[in-house]
2 protein chains.
Amino acid sequence: MTETVISSATKEVVIGFDRPFVMIGERINPTGRKLLAEEMKNGDFSRVQADAIAQVEAGAQMLDVNAGIPLADEPALLAEAIKLVQSVTDVPLSIDSSIIEALEAGIAVYQGKPLINSVTGENEVMERVLPLVAKHGAAVVAISNDETGISEDPDVRFEVAKKIVHAAADHGIARSDVVVDPLVMPIGAMGTAGRQVFALVRRLREELGVNTTCGASNVSFGLPNRHAITGTFLSMAIASGMPSAIISPMHAEVQTAIMAADVLAGHDQDCRSWIQEYRDPNAGGGEGGARRRGGRRRGNAS
Amino acid sequence: MTETVISSATKEVVIGFDRPFVMIGERINPTGRKLLAEEMKNGDFSRVQADAIAQVEAGAQMLDVNAGIPLADEPALLAEAIKLVQSVTDVPLSIDSSIIEALEAGIAVYQGKPLINSVTGENEVMERVLPLVAKHGAAVVAISNDETGISEDPDVRFEVAKKIVHAAADHGIARSDVVVDPLVMPIGAMGTAGRQVFALVRRLREELGVNTTCGASNVSFGLPNRHAITGTFLSMAIASGMPSAIISPMHAEVQTAIMAADVLAGHDQDCRSWIQEYRDPNAGGGEGGARRRGGRRRGNAS
């Protein structure tokens, strides 16, 4: 029954075993988005604002905010982006950086209880990030790799996650505030990538009692019709007990798969969200359409 | 590593833990199909033939054949249907009836090793069906209900399945020749229906070592956009270890979900079937399309 509570100034989101799936919008990230990187570097945050609004309208209950741009002042940019996003949306945020000073700058301006993204199992990283998480009463994404890199052996990744959870406890951070990312590899490059994640999610939940999340779109990298692979991956991850993911909420296949998986996991009371989504006569579709028509309406507020 | 081998005169299909998912086409069944029932009763099997061919073209690796029509000579009709289907397709069949004489008539004309659908945990039914299965060296679908009906308690359903597996063993039937149907309820009527099946499939596989199958379309009964629910259910069932289902292979959402789940379960070597399906430039679609274009090309032959 582990529940991770994340909040903005006015809204709480709960990531939990028996909760509807939480989509954390991944779009506000200049990595691999040249135009966005250039604009942010030049102080133009209009695309950040538009992406924030669009993702929330598409159903994201949280947003990840990253400002990792080479040769830019990342702490200042991240703080600016967070202030802006919090001024135009009310969803809680994940503050995403591998630079401790950027995390600090982001936390300093954040209103509410953020999700810090991320800490790894590297001792040096844990010693810098965990005190910050503890000091601000935040939650944290724990990525299951360490000094030796990302192991292909899921048992090793489980042990790394366990090490982080124990180190967090030593800093006074509850295991409910540690959300483990088991790391998702492209299935096109590694045929066992799916099975590994499903087994790890189950173990992390049953043996370690922690919530999980992941960067899900990575799984379909390089494949045709990739959003169908990503959506199916998420439904299978939900069947294995994963309660959240960092993804783009903008694709119909992904949205439909998550909503259907919530129905089948028993997380959509009386199928209300599903029926509302696919039966709304004003939404222009009606029965049988797999395309989404407008924003997802279900809530996750506690 | 349980593997259930079913065959026609010329083709083998293997249902197994580490095998691609087996779609057993459900369409040749007059239950709820008034026109088909009327035609079959009058000796017109043209629709049976068309449905057989269409389902195999759509990717069904096996076909279920049922001739349950009130006030008709079911044994004669079932035998006739089976002969016809075996004359126009080469896939192995599931011989489907609740009447022992119809099963006997079907088996008598069948070429190969059939899947007998079904036996329940009712003592009287087991005593009639299991000797027939043993005598013909067939495989059998075991439905986990008994004299007391269908329990809503998955532990009871597990015990019923166990009882059938043990009774089968007493008749000399290997557990690899018993394919358990954990029974799928409509999720719209029973919010725990999905979770129950996923948990049962896992237990049946891990504790009892048996393959599973189910009538999957029942799960989405009464819901809008139902094929998306059925497809997502199947991907979640595959994540839980279910290797086959009795379904209509005619819906794109179902086909795509199964193919994607096979990729993610590591059952589509190098994603070959997926890439072939969605990248084939001659198929008129190309990247991004979720619709299927022609028959599924992957095989399951051993």
# chains A, B, ... in the order shown; residues from 1 in each chain; ligands from 1

call {"tool": "interface_residues", "arguments": {"of": "chain A", "to": "chain B", "cutoff": "9 Å", "atoms": "only C-alpha atoms", "output": "ChimeraX atom specification"}}
result
/A:187-195,198,219,223-233,235-240,253,256-261,263-271,274-275,278-279,286-290

call {"tool": "select_by_dssp", "arguments": {"residues": "range 85-298 of chain B", "states": "strand (DSSP E or B)", "output": "VMD selection string"}}
result
chain B and resid 93 to 96 115 to 120 139 to 143 146 149 178 to 181 211 to 212 215 244 to 247

call {"tool": "residues_around", "arguments": {"residues": "Ala142 in chain A", "least_positions_apart": "6", "cutoff": "9 Å", "atoms": "only C-alpha atoms", "output": "list of chain:residue names"}}
result
A:Asn117, A:Ser118, A:Val119, A:Thr120, A:Gly121, A:Ala161, A:Ile164, A:Val165, A:Val178, A:Val179, A:Val180, A:Asp181, A:Pro182, A:Thr212

call {"tool": "atom_distance", "arguments": {"atom1": "CA of Val210 in chain B", "atom2": "CA of Glu101 in chain B"}}
result
27.1 Å

call {"tool": "atom_distance", "arguments": {"atom1": "CA of Arg202 in chain B", "atom2": "CA of Gln61 in chain B"}}
result
23.4 Å

call {"tool": "atom_distance", "arguments": {"atom1": "CA of Arg33 in chain A", "atom2": "CA of Met62 in chain A"}}
result
20.4 Å

call {"tool": "residues_around", "arguments": {"residues": "range 44-60 of chain B", "least_positions_apart": "3", "cutoff": "10 Å", "atoms": "only C-alpha atoms", "output": "ChimeraX atom specification"}}
result
/B:22-30,35-41,63-65,77,80-82,84-91,246-252,255,292-299

call {"tool": "select_by_dssp", "arguments": {"residues": "range 5-70 of chain A", "states": "helix (DSSP H, G or I)", "output": "list of chain:residue names"}}
result
A:Lys34, A:Leu35, A:Leu36, A:Ala37, A:Glu38, A:Glu39, A:Met40, A:Lys41, A:Ser46, A:Arg47, A:Val48, A:Gln49, A:Ala50, A:Asp51, A:Ala52, A:Ile53, A:Ala54, A:Gln55, A:Val56, A:Glu57

call {"tool": "closest_residue", "arguments": {"among": "A:Ile95, A:Leu115, A:Val156, A:Ile6", "to": "Val140 in chain A", "atoms": "only C-alpha atoms"}}
result
A:Leu115

call {"tool": "residues_around", "arguments": {"residues": "Arg157 in chain A", "least_positions_apart": "2", "cutoff": "10 Å", "atoms": "only C-alpha atoms", "output": "MDAnalysis selection string"}}
result
chainID A and resid 121 143:146 150:155 159:163 181:183 196 200

call {"tool": "residues_around", "arguments": {"residues": "Ala105 in chain B", "least_positions_apart": "6", "cutoff": "8 Å", "atoms": "only C-alpha atoms", "output": "PyMOL selection string"}}
result
chain B and resi 75-76+78-79
